[in-house]
Amino acid sequence: MIVEFFNQSQLDHYIRPLLQKKLEAALADSDFKTASETLAAFIDTWPIGGSIDIAWNRWIHGWDELALTTLNRASEIMSLLEIESPDLPLPDNLPPYERIDGIELESRREELCEKAIQNQIVAVLFNSPVPNTPNAQLALGELRMEASAQLATERFGLAGLVAPYAPIWERAFGAAPPGKMGEKLRKMCDLAVLPGTPKRLAKGETTPVAWLLWNGPAKPLPIANVAAELMRKAHLGCEKAIEEMGLSPDRGREIISELVLLGALDRIN
Amino acid sequence: MTGRICIVGLGPARPEHMTVEATTLLRQASGGKWRCYGLAHARELALAANPELQIKKLDYLYAIEGVSRPTAYADLAKQLCRKAKAGHHILYLVAGSPLFYNDAALLIRREAKRQGITLQLVTGMSFVDIVLQGVHWTGHNGLQLYSAWNIAKDHLPLNREVPALLCQLGEFSSGGEAIETSGSNAMLVMLRDQLLSLYPSDHPISILHSSGPPDYHSLSTKMPLNALANRPVPVYSNLFIPSLSHPEEADE
């Protein structure tokens, strides 16, 4: 089951090591497309690992939209590792939809869009891609505008029928809750130095980048090296950490305040 | 039963520019009687008048690779008329006035007429009202209204004794594609060179543009004609050229 696959032990001892190995192999081959996809997957294992239990429960008990996005991303990561992911459970009564070949869309545009306007269907599922011709793409544009679950269904398959407003993964999570400033601080997330960002890696840029990775529903964040170094020394206390870094007190406090605001550090009570 | 189409102009910028007729229509349009369609800026204006309005997003028309604006507008006209024929009441929301440089509105009007569909036009304040605030034009000497493209690329003749307003300085294709400010220079050079064949190099001109959201103040920059291409202009800029006999009309 997808939830067990992403449990903490699996993440630490199987999934992340496997992704790391795949990433190293892709980098060694200068296959930057695969490297970029693998790095993105590696980063995403943090928010997925920290929220998949809740996502599963919210999906099976309420067809929750954010849950669908999370489970779908988890499924994509399994596919990247060439592991078959199970189909998500669906309600017995799905909203009405049509299933056609992509090539049929242009000739059936009027009928299908009118059905969508009349709420007789919420989406059209395509057995094959819609042709990349102007008329077919204009038809698809109109269908996406009129059929409430069209985009979600194209992204998530049948599950999208019941979660029409499921966000794309990149917009699924916001910032972590901010911490509180204090002299003694603790880390609220993991810190990892990775070979860049997925976007830069896709272009072949491999300059290391430090990432803040929360074990929960928060968007991972790349940070500057100096901030990462301060994070590592945060257990020493603010004053000592700033002194060891050789930063001016003002500059050091400014960086620490930013890290607290980002929810990466929090006061030890 | 056939439905109808209403094209509503929402004014060029701020919600306060909307006519009472447009505002009243928008307030009555929620509740499912009308199906509303619009692009981003029109939606923003319409929602300011009626936040409950459900407006379908037409932005996809600009995002399909290989589909020119004329093709997209023709498709939109057919689509909205088809919906009206099927019995729906269609509210097509446009920023500015549907009567000024709005090819889609014109195609919808033509297609509706061809198909015998009832069409109502609710005009709005046009960009002309806004941009002319930046100069001292009175109307007594007439006005030539062209797009910058008409002069720079199509070489349409200008009458030097009649003031001219050249709009869409930042739209640099026959399809009306809006591009970044940084791309305006090539067009400005062509326009300047064409105008220098008609006017003295020190003839005063005014570039008229808006300060953008949220205030949309009318801004004017006066300069001699030979300085027209010296710096890029905002995308939706206009150029006022006073007549040879009344150069003072270019004053702010």
# chains A, B, ... in the order shown; residues from 1 in each chain; ligands from 1

call {"tool": "residues_around", "arguments": {"residues": "Leu191 of chain A", "least_positions_apart": "5", "cutoff": "12 Å", "atoms": "only C-alpha atoms", "output": "JSON, numbers by chain"}}
result
{"A": [43, 46, 209, 210, 211, 212, 213, 214, 215, 220, 221, 222, 223, 224, 225, 227, 228, 229, 230, 231, 232, 233, 259, 264, 265]}

call {"tool": "write_last_selection", "arguments": {"atoms": "N, CA, C and O atoms", "output": "compact mmCIF listing (two decimals), in the first residue's frame"}}
result
# COMPACT_ATOMS: atom_id res chain seq x y z
N ILE A 43 13.64 15.52 -3.13
CA ILE A 43 13.19 16.64 -2.28
C ILE A 43 11.75 16.41 -1.84
O ILE A 43 11.38 16.62 -0.68
N TRP A 46 10.20 14.46 1.38
CA TRP A 46 9.99 15.02 2.73
C TRP A 46 8.52 15.40 2.94
O TRP A 46 7.89 14.85 3.86
N VAL A 209 23.44 23.28 -3.51
CA VAL A 209 22.48 24.20 -2.88
C VAL A 209 21.96 23.55 -1.60
O VAL A 209 21.67 22.35 -1.58
N ALA A 210 21.87 24.36 -0.54
CA ALA A 210 21.32 23.84 0.72
C ALA A 210 19.80 23.95 0.70
O ALA A 210 19.25 24.96 0.24
N TRP A 211 19.13 22.92 1.17
CA TRP A 211 17.66 22.89 1.17
C TRP A 211 17.12 22.71 2.58
O TRP A 211 17.66 21.92 3.37
N LEU A 212 16.05 23.43 2.87
CA LEU A 212 15.28 23.20 4.09
C LEU A 212 14.17 22.23 3.74
O LEU A 212 13.39 22.48 2.81
N LEU A 213 14.11 21.11 4.48
CA LEU A 213 13.15 20.06 4.14
C LEU A 213 12.33 19.70 5.38
O LEU A 213 12.87 19.16 6.35
N TRP A 214 11.07 20.01 5.36
CA TRP A 214 10.20 19.74 6.49
C TRP A 214 9.54 18.37 6.33
O TRP A 214 9.07 18.03 5.22
N ASN A 215 9.48 17.62 7.41
CA ASN A 215 8.77 16.33 7.38
C ASN A 215 7.29 16.58 7.57
O ASN A 215 6.69 16.16 8.56
N PRO A 220 9.43 22.66 0.41
CA PRO A 220 10.88 22.72 0.62
C PRO A 220 11.46 24.02 0.06
O PRO A 220 10.97 24.53 -0.94
N LEU A 221 12.51 24.51 0.72
CA LEU A 221 13.06 25.81 0.31
C LEU A 221 14.58 25.74 0.15
O LEU A 221 15.28 25.27 1.04
N PRO A 222 15.10 26.26 -0.96
CA PRO A 222 16.55 26.39 -1.08
C PRO A 222 17.00 27.64 -0.30
O PRO A 222 16.27 28.63 -0.29
N ILE A 223 18.14 27.56 0.36
CA ILE A 223 18.63 28.73 1.11
C ILE A 223 20.10 28.99 0.79
O ILE A 223 20.80 28.11 0.27
N ALA A 224 20.54 30.18 1.17
CA ALA A 224 21.94 30.56 0.92
C ALA A 224 22.87 29.75 1.84
O ALA A 224 22.47 29.33 2.93
N ASN A 225 24.11 29.56 1.40
CA ASN A 225 25.07 28.75 2.17
C ASN A 225 25.31 29.31 3.57
O ASN A 225 25.44 28.56 4.53
N ALA A 227 23.27 30.94 5.44
CA ALA A 227 22.11 30.61 6.29
C ALA A 227 22.17 29.14 6.70
O ALA A 227 21.86 28.78 7.85
N ALA A 228 22.59 28.29 5.76
CA ALA A 228 22.69 26.86 6.07
C ALA A 228 23.73 26.62 7.17
O ALA A 228 23.53 25.83 8.09
N GLU A 229 24.85 27.34 7.07
CA GLU A 229 25.91 27.17 8.06
C GLU A 229 25.43 27.63 9.44
O GLU A 229 25.71 26.99 10.46
N LEU A 230 24.69 28.73 9.48
CA LEU A 230 24.13 29.19 10.75
C LEU A 230 23.14 28.18 11.34
O LEU A 230 23.10 27.97 12.55
N MET A 231 22.35 27.58 10.44
CA MET A 231 21.41 26.53 10.88
C MET A 231 22.16 25.41 11.60
O MET A 231 21.75 24.93 12.65
N ARG A 232 23.27 25.02 10.99
CA ARG A 232 24.05 23.90 11.55
C ARG A 232 24.58 24.25 12.94
O ARG A 232 24.74 23.40 13.80
N LYS A 233 24.87 25.53 13.15
CA LYS A 233 25.46 25.94 14.43
C LYS A 233 24.41 26.46 15.41
O LYS A 233 24.76 26.94 16.49
N LEU A 259 15.38 32.80 9.24
CA LEU A 259 15.21 31.35 9.40
C LEU A 259 14.06 31.04 10.37
O LEU A 259 13.33 30.07 10.19
N ALA A 264 12.17 27.45 10.04
CA ALA A 264 13.28 26.49 10.08
C ALA A 264 13.87 26.37 11.47
O ALA A 264 14.43 25.34 11.84
N LEU A 265 13.74 27.45 12.26
CA LEU A 265 14.23 27.44 13.64
C LEU A 265 13.11 27.88 14.58
O LEU A 265 12.25 28.66 14.19

call {"tool": "interface_residues", "arguments": {"of": "chain B", "to": "chain A", "cutoff": "8 Å", "atoms": "only C-alpha atoms", "output": "PyMOL selection string"}}
result
chain B and resi 56-58+60-61+64-67+72+75+83

call {"tool": "write_last_selection", "arguments": {"atoms": "N, CA, C and O atoms", "output": "mmCIF file, in the first residue's frame"}}
result
data_model
loop_
_atom_site.group_PDB
_atom_site.id
_atom_site.type_symbol
_atom_site.label_atom_id
_atom_site.label_comp_id
_atom_site.auth_asym_id
_atom_site.auth_seq_id
_atom_site.Cartn_x
_atom_site.Cartn_y
_atom_site.Cartn_z
ATOM 1 N N LYS B 56 -16.099 32.642 -16.853
ATOM 2 C CA LYS B 56 -15.250 31.642 -17.500
ATOM 3 C C LYS B 56 -14.016 32.329 -18.088
ATOM 4 O O LYS B 56 -14.126 33.406 -18.689
ATOM 5 N N LYS B 57 -12.867 31.672 -17.930
ATOM 6 C CA LYS B 57 -11.598 32.295 -18.334
ATOM 7 C C LYS B 57 -11.254 31.977 -19.782
ATOM 8 O O LYS B 57 -11.075 30.815 -20.130
ATOM 9 N N LEU B 58 -11.136 33.030 -20.569
ATOM 10 C CA LEU B 58 -10.793 32.857 -21.987
ATOM 11 C C LEU B 58 -9.286 32.937 -22.243
ATOM 12 O O LEU B 58 -8.856 32.890 -23.397
ATOM 13 N N TYR B 60 -7.013 30.943 -22.225
ATOM 14 C CA TYR B 60 -6.406 29.852 -22.999
ATOM 15 C C TYR B 60 -6.244 30.233 -24.468
ATOM 16 O O TYR B 60 -5.355 29.726 -25.154
ATOM 17 N N LEU B 61 -7.077 31.148 -24.954
ATOM 18 C CA LEU B 61 -7.016 31.525 -26.374
ATOM 19 C C LEU B 61 -5.657 32.111 -26.756
ATOM 20 O O LEU B 61 -5.244 32.066 -27.902
ATOM 21 N N ILE B 64 -2.336 28.964 -26.881
ATOM 22 C CA ILE B 64 -2.240 27.765 -27.719
ATOM 23 C C ILE B 64 -1.176 27.993 -28.790
ATOM 24 O O ILE B 64 -1.284 28.913 -29.595
ATOM 25 N N GLU B 65 -0.187 27.122 -28.761
ATOM 26 C CA GLU B 65 0.915 27.252 -29.712
ATOM 27 C C GLU B 65 0.396 27.098 -31.146
ATOM 28 O O GLU B 65 -0.416 26.204 -31.427
ATOM 29 N N GLY B 66 0.835 27.972 -32.007
ATOM 30 C CA GLY B 66 0.461 27.857 -33.424
ATOM 31 C C GLY B 66 -0.897 28.454 -33.757
ATOM 32 O O GLY B 66 -1.355 28.350 -34.892
ATOM 33 N N VAL B 67 -1.560 29.058 -32.762
ATOM 34 C CA VAL B 67 -2.859 29.691 -33.032
ATOM 35 C C VAL B 67 -2.678 31.207 -32.952
ATOM 36 O O VAL B 67 -2.381 31.746 -31.887
ATOM 37 N N ALA B 72 -7.785 32.763 -33.164
ATOM 38 C CA ALA B 72 -8.401 32.598 -31.843
ATOM 39 C C ALA B 72 -9.677 33.438 -31.732
ATOM 40 O O ALA B 72 -10.695 32.975 -31.205
ATOM 41 N N ASP B 75 -12.457 31.869 -33.687
ATOM 42 C CA ASP B 75 -12.968 30.698 -32.969
ATOM 43 C C ASP B 75 -13.873 31.135 -31.825
ATOM 44 O O ASP B 75 -14.927 30.539 -31.588
ATOM 45 N N LYS B 83 -23.143 29.006 -28.706
ATOM 46 C CA LYS B 83 -23.766 28.882 -27.381
ATOM 47 C C LYS B 83 -25.071 29.672 -27.325
ATOM 48 O O LYS B 83 -26.056 29.224 -26.729
#

call {"tool": "residues_around", "arguments": {"residues": "Leu158 of chain A", "least_positions_apart": "3", "cutoff": "9 Å", "atoms": "only C-alpha atoms", "output": "list in words"}}
result
Leu90, Leu94, Leu125, Ala152, Thr153, Glu154, Leu161 and Val162 of chain A

call {"tool": "residues_around", "arguments": {"residues": "segment 18-28 of chain B", "least_positions_apart": "2", "cutoff": "12 Å", "atoms": "only C-alpha atoms", "output": "JSON, numbers by chain"}}
result
{"B": [6, 7, 8, 9, 10, 11, 12, 13, 14, 15, 16, 30, 31, 32, 33, 34, 35, 36, 37, 42, 43, 45, 46, 47, 48, 49, 50, 51, 52, 53, 54, 55, 91, 92, 93, 94, 95, 96, 97, 120, 121, 122, 123, 124, 125, 126]}

call {"tool": "select_by_dssp", "arguments": {"residues": "segment 158-193 of chain A", "states": "strand (DSSP E)", "output": "PyMOL selection string"}}
result
chain A and resi 185-187+190-193

call {"tool": "closest_residue", "arguments": {"among": "B:Leu198, B:Ile241, B:Ala40, B:Ala77", "to": "Tyr146 of chain B", "atoms": "only C-alpha atoms"}}
result
B:Ile241

call {"tool": "select_by_dssp", "arguments": {"residues": "segment 5-155 of chain B", "states": "alpha helix (DSSP H)", "output": "ChimeraX atom specification"}}
result
/B:20-28,40-49,69-85,103-115,127-131,148-152

call {"tool": "atom_distance", "arguments": {"atom1": "atom CA of Leu239 of chain B", "atom2": "atom CA of Ile205 of chain B"}}
result
7.1 Å

call {"tool": "residues_around", "arguments": {"residues": "segment 74-78 of chain A", "least_positions_apart": "4", "cutoff": "12 Å", "atoms": "only C-alpha atoms", "output": "VMD selection string"}}
result
chain A and resid 1 to 7 11 14 to 16 18 to 19 37 to 53 55 to 56 67 to 70 82 to 88 155 to 156 169

call {"tool": "atom_distance", "arguments": {"atom1": "atom CA of Glu104 of chain A", "atom2": "atom CA of Ala123 of chain A"}}
result
14.5 Å
